[in-house]
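J.: I'm passing along structure_19.cif; it holds mmCIF, C-alpha atoms.
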```cif
data_protein
loop_
_atom_site.label_atom_id
_atom_site.label_comp_id
_atom_site.auth_asym_id
_atom_site.auth_seq_id
_atom_site.Cartn_x
_atom_site.Cartn_y
_atom_site.Cartn_z
CA MET A 1 18.51 1.04 2.69
CA ASP A 2 16.72 4.24 1.77
CA LYS A 3 18.84 4.41 -1.37
CA ILE A 4 17.96 0.82 -2.28
CA VAL A 5 14.22 1.48 -2.02
CA THR A 6 14.54 4.75 -3.93
CA VAL A 7 16.52 3.08 -6.72
CA PHE A 8 13.92 0.29 -6.86
CA ILE A 9 11.01 2.72 -7.29
CA VAL A 10 12.95 4.82 -9.80
CA GLN A 11 13.86 1.78 -11.89
CA VAL A 12 10.23 0.63 -12.04
CA THR A 13 9.18 4.11 -13.12
CA GLU A 14 11.94 4.36 -15.74
CA ILE A 15 11.00 1.02 -17.24
CA MET A 16 7.41 2.16 -17.60
CA LEU A 17 8.40 5.51 -19.07
CA GLN A 18 10.93 4.04 -21.50
CA ASP A 19 8.30 1.78 -23.01
CA LYS A 20 5.97 4.24 -24.71
CA ASP A 21 3.59 1.50 -25.79
CA MET A 22 3.27 0.38 -22.18
CA MET A 23 2.42 3.80 -20.83
CA MET A 24 0.06 4.67 -23.66
CA GLY A 25 -1.48 1.22 -23.96
CA MET A 26 -1.69 -0.37 -20.54
CA TRP A 27 -4.50 -2.59 -21.79
CA THR A 28 -2.59 -3.90 -24.82
CA THR A 29 -2.75 -7.67 -24.53
CA TRP A 30 0.51 -9.60 -24.48
CA ASP A 31 0.79 -12.85 -26.44
CA LEU A 32 0.96 -15.07 -23.36
CA GLY A 33 -1.05 -18.08 -22.31
CA PRO A 34 -2.86 -18.22 -18.95
CA ALA A 35 -0.20 -20.38 -17.30
CA ALA A 36 2.60 -18.10 -18.48
CA VAL A 37 0.76 -15.04 -17.18
CA VAL A 38 0.32 -16.60 -13.73
CA LEU A 39 3.96 -17.69 -13.54
CA ALA A 40 5.17 -14.27 -14.69
CA ALA A 41 2.91 -12.54 -12.15
CA VAL A 42 4.18 -14.69 -9.28
CA ALA A 43 7.80 -14.24 -10.34
CA PHE A 44 7.38 -10.46 -10.60
CA ALA A 45 5.74 -10.30 -7.16
CA LEU A 46 8.57 -12.31 -5.61
CA VAL A 47 11.21 -10.10 -7.22
CA LEU A 48 9.49 -6.99 -5.83
CA SER A 49 9.07 -8.62 -2.43
CA THR A 50 12.80 -9.06 -1.87
CA PRO A 51 13.80 -5.37 -1.46
CA LEU A 52 10.47 -4.52 0.16
CA SER A 53 10.91 -7.26 2.76
CA ARG A 54 14.28 -5.78 3.65
CA ALA A 55 12.73 -2.31 3.75
CA ALA A 56 10.04 -3.55 6.13
CA TYR A 57 12.79 -4.46 8.58
CA ARG A 58 15.21 -1.56 8.10
CA LEU A 59 13.04 1.51 7.50
CA PRO A 60 11.25 1.46 10.88
CA ARG A 61 14.57 1.00 12.68
CA ALA A 62 16.00 3.93 10.79
CA LEU A 63 13.08 6.01 12.11
CA ASP A 64 13.20 4.65 15.67
CA ALA A 65 16.51 3.37 17.01
CA GLN A 66 14.72 1.92 20.07
CA LEU A 67 13.05 -0.80 18.04
CA PRO A 68 14.59 -4.27 18.59
CA GLN A 69 17.45 -4.90 16.22
CA GLN A 70 16.84 -8.63 16.19
CA PRO A 71 13.70 -9.83 14.34
CA SER A 72 11.01 -10.69 16.86
CA MET A 73 8.52 -13.53 16.57
CA THR A 74 5.88 -10.98 15.53
CA HIS A 75 8.19 -9.70 12.80
CA ARG A 76 8.71 -13.24 11.51
CA ARG A 77 4.96 -13.84 11.41
CA TYR A 78 4.35 -10.66 9.46
CA ARG A 79 7.17 -11.56 7.10
CA LEU A 80 5.68 -14.99 6.46
CA GLY A 81 2.27 -13.44 5.83
CA PHE A 82 3.83 -10.95 3.43
CA TRP A 83 5.62 -13.63 1.40
CA VAL A 84 2.46 -15.75 1.24
CA ALA A 85 0.08 -12.90 0.38
CA ALA A 86 2.25 -11.27 -2.32
CA PRO A 87 2.11 -14.13 -4.88
CA ILE A 88 -1.54 -14.85 -4.12
CA LEU A 89 -2.50 -11.24 -4.79
CA ALA A 90 -0.31 -11.24 -7.89
CA ILE A 91 -2.34 -14.16 -9.23
CA LEU A 92 -5.54 -12.23 -8.49
CA CYS A 93 -4.11 -9.25 -10.39
CA ALA A 94 -3.38 -11.51 -13.37
CA TRP A 95 -6.91 -12.93 -13.18
CA ARG A 96 -8.44 -9.46 -12.94
CA PHE A 97 -6.42 -7.63 -15.63
CA GLY A 98 -5.16 -10.44 -17.87
CA ALA A 99 -1.97 -10.51 -19.93
CA THR A 100 -1.55 -6.73 -19.98
CA PRO A 101 0.91 -4.18 -18.60
CA ALA A 102 -1.88 -3.13 -16.23
CA THR A 103 -1.28 -6.38 -14.35
CA ALA A 104 2.36 -5.46 -13.75
CA ALA A 105 1.30 -2.05 -12.45
CA ALA A 106 -1.34 -3.63 -10.20
CA ILE A 107 1.24 -6.03 -8.75
CA VAL A 108 3.52 -3.12 -7.84
CA TYR A 109 0.54 -1.46 -6.16
CA VAL A 110 -0.50 -4.45 -4.06
CA VAL A 111 3.01 -5.55 -3.03
CA VAL A 112 4.06 -2.07 -1.92
CA LEU A 113 0.78 -1.78 0.01
CA LEU A 114 1.44 -5.13 1.68
CA ALA A 115 4.85 -3.88 2.80
CA LEU A 116 3.31 -0.70 4.19
CA ALA A 117 0.66 -2.70 6.07
CA TRP A 118 3.40 -4.89 7.56
CA ILE A 119 5.49 -1.90 8.66
CA ASP A 120 2.53 -0.06 10.17
CA ALA A 121 1.15 -3.11 11.98
CA GLU A 122 4.52 -3.88 13.53
CA SER A 123 5.92 -0.43 14.25
CA GLY A 124 3.19 2.18 13.71
CA PHE A 125 5.15 3.85 10.91
CA LEU A 126 4.14 4.51 7.30
CA PRO A 127 7.46 5.65 5.81
CA ASP A 128 7.43 8.47 3.25
CA MET A 129 10.11 6.46 1.41
CA LEU A 130 7.30 4.15 0.24
CA THR A 131 4.08 6.18 0.41
CA ILE A 132 5.28 9.18 -1.61
CA PRO A 133 6.78 7.17 -4.53
CA LEU A 134 3.61 5.05 -4.56
CA LEU A 135 1.55 8.23 -4.92
CA TRP A 136 3.61 9.60 -7.82
CA LEU A 137 3.73 6.21 -9.51
CA GLY A 138 -0.07 6.05 -9.37
CA LEU A 139 -0.32 9.37 -11.21
CA LEU A 140 2.16 8.15 -13.85
CA VAL A 141 0.26 4.90 -14.34
CA ASN A 142 -2.94 6.87 -14.86
CA LEU A 143 -1.51 9.18 -17.53
CA ASP A 144 -3.52 7.14 -20.03
CA GLY A 145 -6.41 6.43 -17.65
CA THR A 146 -5.30 2.91 -16.70
CA PHE A 147 -7.24 2.58 -13.45
CA SER A 148 -8.67 6.09 -13.33
CA MET A 149 -8.74 9.19 -15.51
CA LEU A 150 -5.75 11.40 -14.73
CA ALA A 151 -7.94 14.29 -13.56
CA ASP A 152 -9.79 11.95 -11.19
CA ALA A 153 -6.45 10.59 -9.94
CA VAL A 154 -5.17 14.09 -9.16
CA VAL A 155 -8.41 14.94 -7.35
CA GLY A 156 -8.25 11.58 -5.59
CA ALA A 157 -4.72 12.21 -4.31
CA THR A 158 -5.74 15.63 -3.01
CA ALA A 159 -9.06 14.50 -1.56
CA GLY A 160 -7.48 11.44 0.05
CA TYR A 161 -5.05 13.54 2.03
CA LEU A 162 -7.52 16.29 2.93
CA ALA A 163 -10.32 13.91 3.96
CA LEU A 164 -8.32 12.28 6.75
CA TRP A 165 -6.72 15.60 7.67
CA VAL A 166 -10.16 17.13 8.24
CA ILE A 167 -11.38 14.10 10.23
CA CYS A 168 -8.23 14.19 12.36
CA ALA A 169 -8.54 17.94 12.91
CA PHE A 170 -12.13 17.57 14.17
CA PHE A 171 -11.11 14.67 16.42
CA LEU A 172 -8.27 16.75 17.87
CA LEU A 173 -10.62 19.68 18.42
CA LEU A 174 -13.20 17.54 20.22
CA THR A 175 -10.93 15.30 22.28
CA GLY A 176 -7.61 17.07 22.46
CA ARG A 177 -5.92 13.90 21.16
CA GLN A 178 -4.27 13.12 17.84
CA GLY A 179 -6.47 10.56 16.09
CA MET A 180 -4.01 9.31 13.49
CA GLY A 181 -0.64 10.06 11.96
CA ARG A 182 0.11 11.93 8.78
CA GLY A 183 1.30 8.70 7.23
CA ASP A 184 -2.33 7.62 7.00
CA PHE A 185 -3.16 10.85 5.13
CA LYS A 186 -0.41 10.14 2.60
CA LEU A 187 -1.44 6.51 2.23
CA LEU A 188 -5.04 7.45 1.39
CA ALA A 189 -3.67 10.08 -1.01
CA ALA A 190 -1.67 7.33 -2.74
CA LEU A 191 -4.80 5.18 -3.01
CA GLY A 192 -6.60 8.15 -4.57
CA ALA A 193 -3.77 8.63 -7.06
CA TRP A 194 -4.18 5.03 -8.23
CA LEU A 195 -7.95 4.62 -8.02
CA GLY A 196 -9.31 8.15 -8.42
CA TRP A 197 -11.61 9.97 -6.03
CA ALA A 198 -14.78 7.93 -6.54
CA PRO A 199 -13.80 4.81 -4.48
CA LEU A 200 -12.40 6.84 -1.57
CA PRO A 201 -15.64 7.15 0.47
CA LEU A 202 -16.15 3.38 0.31
CA ILE A 203 -12.47 2.78 1.16
CA VAL A 204 -12.73 5.03 4.23
CA LEU A 205 -16.04 3.46 5.30
CA THR A 206 -14.79 -0.11 4.79
CA SER A 207 -11.46 0.44 6.52
CA SER A 208 -13.05 2.32 9.44
CA SER A 209 -15.72 -0.36 9.93
CA LEU A 210 -13.15 -3.14 9.79
CA ALA A 211 -10.83 -1.33 12.21
CA LEU A 212 -13.70 -0.70 14.63
CA ALA A 213 -14.83 -4.32 14.49
CA ILE A 214 -11.31 -5.64 15.15
CA ALA A 215 -10.80 -3.13 17.96
CA LEU A 216 -14.07 -4.21 19.63
CA LEU A 217 -13.12 -7.88 19.35
CA ARG A 218 -9.70 -7.20 20.85
CA ARG A 219 -11.29 -5.17 23.64
CA MET A 220 -13.74 -7.98 24.43
CA ALA A 221 -10.87 -10.47 24.46
CA GLY A 222 -8.94 -8.29 26.91
CA ARG A 223 -6.14 -7.66 24.42
CA MET A 224 -6.77 -3.93 24.08
CA LYS A 225 -7.28 -1.20 26.69
CA ALA A 226 -9.76 1.66 26.44
CA GLY A 227 -8.23 4.56 24.54
CA GLU A 228 -5.28 2.49 23.33
CA SER A 229 -4.09 3.49 19.88
CA PHE A 230 -3.73 1.07 16.99
CA SER A 231 -2.48 1.17 13.42
CA PHE A 232 -5.05 2.21 10.83
CA GLY A 233 -2.82 1.68 7.78
CA PRO A 234 -3.41 -2.08 7.41
CA TYR A 235 -7.17 -1.52 7.17
CA LEU A 236 -6.68 1.15 4.50
CA VAL A 237 -4.48 -1.32 2.64
CA ILE A 238 -7.10 -4.07 2.76
CA ALA A 239 -9.79 -1.72 1.48
CA GLY A 240 -7.47 -0.25 -1.17
CA ILE A 241 -6.50 -3.64 -2.57
CA ALA A 242 -10.11 -4.81 -2.56
CA ALA A 243 -11.11 -1.65 -4.43
CA LEU A 244 -8.52 -2.23 -7.16
CA LEU A 245 -9.39 -5.88 -7.61
CA ARG A 246 -13.10 -5.23 -7.08
CA LEU A 247 -13.36 -8.03 -4.56
#
```
Since I need it in another form, could you write the structure as structure tokens?
T.:
Amino acid sequence: MDKIVTVFIVQVTEIMLQDKDMMMGMWTTWDLGPAAVVLAAVAFALVLSTPLSRAAYRLPRALDAQLPQQPSMTHRRYRLGFWVAAPILAILCAWRFGATPATAAAIVYVVVLLALAWIDAESGFLPDMLTIPLLWLGLLVNLDGTFSMLADAVVGATAGYLALWVICAFFLLLTGRQGMGRGDFKLLAALGAWLGWAPLPLIVLTSSSLALAIALLRRMAGRMKAGESFSFGPYLVIAGIAALLRL
């Protein structure tokens, strides 16, 4: 399965690199009508969702053999949410960026992030097999300043990792407990590679506020114990997608 995901990411990258006009003109408008753009966006999102849906099941089990081998009811719910959200977000990408190659890049971004949110929410993992290629792909997409200037993207990738590392280090120093996993560092680094450094403070603030609000609601409902850990990745994903689409 790791090979399948790697080949998928490599093929997307090769397609983008082989088309010089695409890489150097991500805002070049294609001669497509609105309906065709929406249909193409949905179709592309569904094509990407197929290997990523399989990865969402297999990658966590490759990392932890104790996870149930049969899909649970929770897994099925997350899978349904993934397949519903992917085409909807693809349509929003088409609405936001129009009939341009930037829309295709944005769809890759949001669908991979959806898969990461699913994996983290279900298993607590953020596999390097997805986060690291997403980071490098963000830098490639921004070679011509598609969503951010390349220098800002490089700084964003670095700052994204270091920001959460510093926060986690202080939390460990004060409490003696690990606040979050390194997968969260890499995920924020990937968001910085796509969006640049400027949106990162708002992404961290939004995701932290949302996570805190959900945790308090779960605690009040008796569904979460004091000190119980929870996955932070899905909240980073929500904030990262909102930042790209400027929702």
J.: For the file shown, report as a list of chain:residue names the outcome of the PyMOL selection byres ((chain A and resi 141) around 9) at residue level.
T.: A:Met16, A:Met23, A:Met26, A:Ala102, A:Ala105, A:Trp136, A:Leu137, A:Gly138, A:Leu139, A:Leu140, A:Asn142, A:Leu143, A:Asp144, A:Gly145, A:Thr146, A:Phe147, A:Leu150, A:Trp194
J.: Go ahead and save the picked residues with C-alpha atoms, as a PDB file, in the coordinates of the input.
T.:
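Contents of the output file again32.pdb:
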```
ATOM      1  CA  MET A  16       7.410   2.160 -17.600  1.00  0.00           C
ATOM      2  CA  MET A  23       2.420   3.800 -20.830  1.00  0.00           C
ATOM      3  CA  MET A  26      -1.690  -0.370 -20.540  1.00  0.00           C
ATOM      4  CA  ALA A 102      -1.880  -3.130 -16.230  1.00  0.00           C
ATOM      5  CA  ALA A 105       1.300  -2.050 -12.450  1.00  0.00           C
ATOM      6  CA  TRP A 136       3.610   9.600  -7.820  1.00  0.00           C
ATOM      7  CA  LEU A 137       3.730   6.210  -9.510  1.00  0.00           C
ATOM      8  CA  GLY A 138      -0.070   6.050  -9.370  1.00  0.00           C
ATOM      9  CA  LEU A 139      -0.320   9.370 -11.210  1.00  0.00           C
ATOM     10  CA  LEU A 140       2.160   8.150 -13.850  1.00  0.00           C
ATOM     11  CA  ASN A 142      -2.940   6.870 -14.860  1.00  0.00           C
ATOM     12  CA  LEU A 143      -1.510   9.180 -17.530  1.00  0.00           C
ATOM     13  CA  ASP A 144      -3.520   7.140 -20.030  1.00  0.00           C
ATOM     14  CA  GLY A 145      -6.410   6.430 -17.650  1.00  0.00           C
ATOM     15  CA  THR A 146      -5.300   2.910 -16.700  1.00  0.00           C
ATOM     16  CA  PHE A 147      -7.240   2.580 -13.450  1.00  0.00           C
ATOM     17  CA  LEU A 150      -5.750  11.400 -14.730  1.00  0.00           C
ATOM     18  CA  TRP A 194      -4.180   5.030  -8.230  1.00  0.00           C
TER      19      TRP A 194
END
```
J.: Taking only C-alpha atoms into account, name the residue in A:Phe125, A:Phe97, A:Phe232, A:Trp27 that is nearest to A:Leu59.
T.: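 The answer is A:Phe125, which sits nearest to A:Leu59.
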J.: Excluding A:Val37 and residues on its chain fewer than 4 positions from it, collect all residues at most 8 Å away from it, counting all atoms listed in the file, and give them as a PyMOL selection string.
T.: chain A and resi 32-33+41+94+98-99
J.: Report as an mmCIF file with C-alpha atoms, in the frame of the given file the residues that result from applying the PyMOL selection byres ((chain A and resi 79-90) around 6) to the structure here.
T.:
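Result file part_20.cif:
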```cif
data_model
loop_
_atom_site.group_PDB
_atom_site.id
_atom_site.type_symbol
_atom_site.label_atom_id
_atom_site.label_comp_id
_atom_site.auth_asym_id
_atom_site.auth_seq_id
_atom_site.Cartn_x
_atom_site.Cartn_y
_atom_site.Cartn_z
ATOM 1 C CA ALA A 41 2.910 -12.540 -12.150
ATOM 2 C CA VAL A 42 4.180 -14.690 -9.280
ATOM 3 C CA ALA A 45 5.740 -10.300 -7.160
ATOM 4 C CA ARG A 76 8.710 -13.240 11.510
ATOM 5 C CA ARG A 77 4.960 -13.840 11.410
ATOM 6 C CA TYR A 78 4.350 -10.660 9.460
ATOM 7 C CA ILE A 91 -2.340 -14.160 -9.230
ATOM 8 C CA LEU A 92 -5.540 -12.230 -8.490
ATOM 9 C CA CYS A 93 -4.110 -9.250 -10.390
ATOM 10 C CA ILE A 107 1.240 -6.030 -8.750
ATOM 11 C CA VAL A 111 3.010 -5.550 -3.030
#
```
J.: Show which residues sit within 8 Å of stretch 152-160 of chain A, as a count of residues only. Count all atoms listed in the file, and ignore same-chain residues fewer than 5 positions away.
T.: 18
J.: Could you check which of A:Leu162, A:Ile119, A:Val112, A:Ala40 is closest to A:Thr100, using all atoms listed in the file?
T.: A:Ala40
J.: Around all listed atoms of stretch 81-100 of chain A, padded 4 Å per side, what centre and edge lengths does the axis-aligned box have in Å to one decimal, as JSON?
T.:
```
{"center_x": -1.4, "center_y": -11.2, "center_z": -7.1, "size_x": 22.1, "size_y": 17.0, "size_z": 33.8}
```
J.: Using all atoms listed in the file, pick whichever of A:His75, A:Met149, A:Ala36, A:Leu187 has the shortest atom-to-atom distance to A:Arg54.
T.: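 Among the listed residues, A:His75 lies closest to A:Arg54.
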J.: If you measure from atom CA of A:Ala65 to atom CA of A:Leu134, what distance in Å do you get, rounded to one decimal?
T.: 25.2 Å
J.: Would you translate the PyMOL selection byres ((chain A and resi 57) around 10) into the concrete set of residues it matches in this file, as a PDB file with C-alpha atoms, keeping the file's coordinate frame?
T.:
```pdb
ATOM      1  CA  MET A   1      18.510   1.040   2.690  1.00  0.00           C
ATOM      2  CA  LEU A  52      10.470  -4.520   0.160  1.00  0.00           C
ATOM      3  CA  SER A  53      10.910  -7.260   2.760  1.00  0.00           C
ATOM      4  CA  ARG A  54      14.280  -5.780   3.650  1.00  0.00           C
ATOM      5  CA  ALA A  55      12.730  -2.310   3.750  1.00  0.00           C
ATOM      6  CA  ALA A  56      10.040  -3.550   6.130  1.00  0.00           C
ATOM      7  CA  ARG A  58      15.210  -1.560   8.100  1.00  0.00           C
ATOM      8  CA  LEU A  59      13.040   1.510   7.500  1.00  0.00           C
ATOM      9  CA  PRO A  60      11.250   1.460  10.880  1.00  0.00           C
ATOM     10  CA  ARG A  61      14.570   1.000  12.680  1.00  0.00           C
ATOM     11  CA  ALA A  62      16.000   3.930  10.790  1.00  0.00           C
ATOM     12  CA  GLN A  69      17.450  -4.900  16.220  1.00  0.00           C
ATOM     13  CA  GLN A  70      16.840  -8.630  16.190  1.00  0.00           C
ATOM     14  CA  PRO A  71      13.700  -9.830  14.340  1.00  0.00           C
ATOM     15  CA  HIS A  75       8.190  -9.700  12.800  1.00  0.00           C
ATOM     16  CA  ARG A  79       7.170 -11.560   7.100  1.00  0.00           C
ATOM     17  CA  ALA A 115       4.850  -3.880   2.800  1.00  0.00           C
ATOM     18  CA  TRP A 118       3.400  -4.890   7.560  1.00  0.00           C
ATOM     19  CA  ILE A 119       5.490  -1.900   8.660  1.00  0.00           C
ATOM     20  CA  GLU A 122       4.520  -3.880  13.530  1.00  0.00           C
ATOM     21  CA  SER A 123       5.920  -0.430  14.250  1.00  0.00           C
TER      22      SER A 123
END
```
J.: Would you compute the distance between atom CA of A:Ala242 and atom CA of A:Ala211? Give it in Å to one decimal.
T.: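 Answer for the atom CA of A:Ala242 to atom CA of A:Ala211 separation: 15.2 Å.
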J.: Using all atoms listed in the file, which of A:Asp31, A:Trp95, A:Ala221, A:Leu236 sits nearest A:Ser209?
T.: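 Using all atoms listed in the file, the shortest distance to A:Ser209 belongs to A:Leu236.
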J.: Mind pulling up the distance from atom CA of A:Asp184 to atom CA of A:Cys168?
T.: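 Interatomic distance, atom CA of A:Cys168 to atom CA of A:Asp184: 10.3 Å.
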J.: Within 9 Å of (-9.3, 0.2, 7.0) (coordinates as in the file), grab all the protein and nucleic acid residues, counting only C-alpha atoms, and write them out as a PyMOL selection string.
T.: chain A and resi 203-212+232-240
J.: Write a file of the selected residues as a tab-separated table (two decimals), in the coordinates of the input, keeping C-alpha atoms.
T.:
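Generated file (selection_25.tsv):
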```
chain	number	residue	atom	x	y	z
A	203	ILE	CA	-12.47	2.78	1.16
A	204	VAL	CA	-12.73	5.03	4.23
A	205	LEU	CA	-16.04	3.46	5.30
A	206	THR	CA	-14.79	-0.11	4.79
A	207	SER	CA	-11.46	0.44	6.52
A	208	SER	CA	-13.05	2.32	9.44
A	209	SER	CA	-15.72	-0.36	9.93
A	210	LEU	CA	-13.15	-3.14	9.79
A	211	ALA	CA	-10.83	-1.33	12.21
A	212	LEU	CA	-13.70	-0.70	14.63
A	232	PHE	CA	-5.05	2.21	10.83
A	233	GLY	CA	-2.82	1.68	7.78
A	234	PRO	CA	-3.41	-2.08	7.41
A	235	TYR	CA	-7.17	-1.52	7.17
A	236	LEU	CA	-6.68	1.15	4.50
A	237	VAL	CA	-4.48	-1.32	2.64
A	238	ILE	CA	-7.10	-4.07	2.76
A	239	ALA	CA	-9.79	-1.72	1.48
A	240	GLY	CA	-7.47	-0.25	-1.17
```
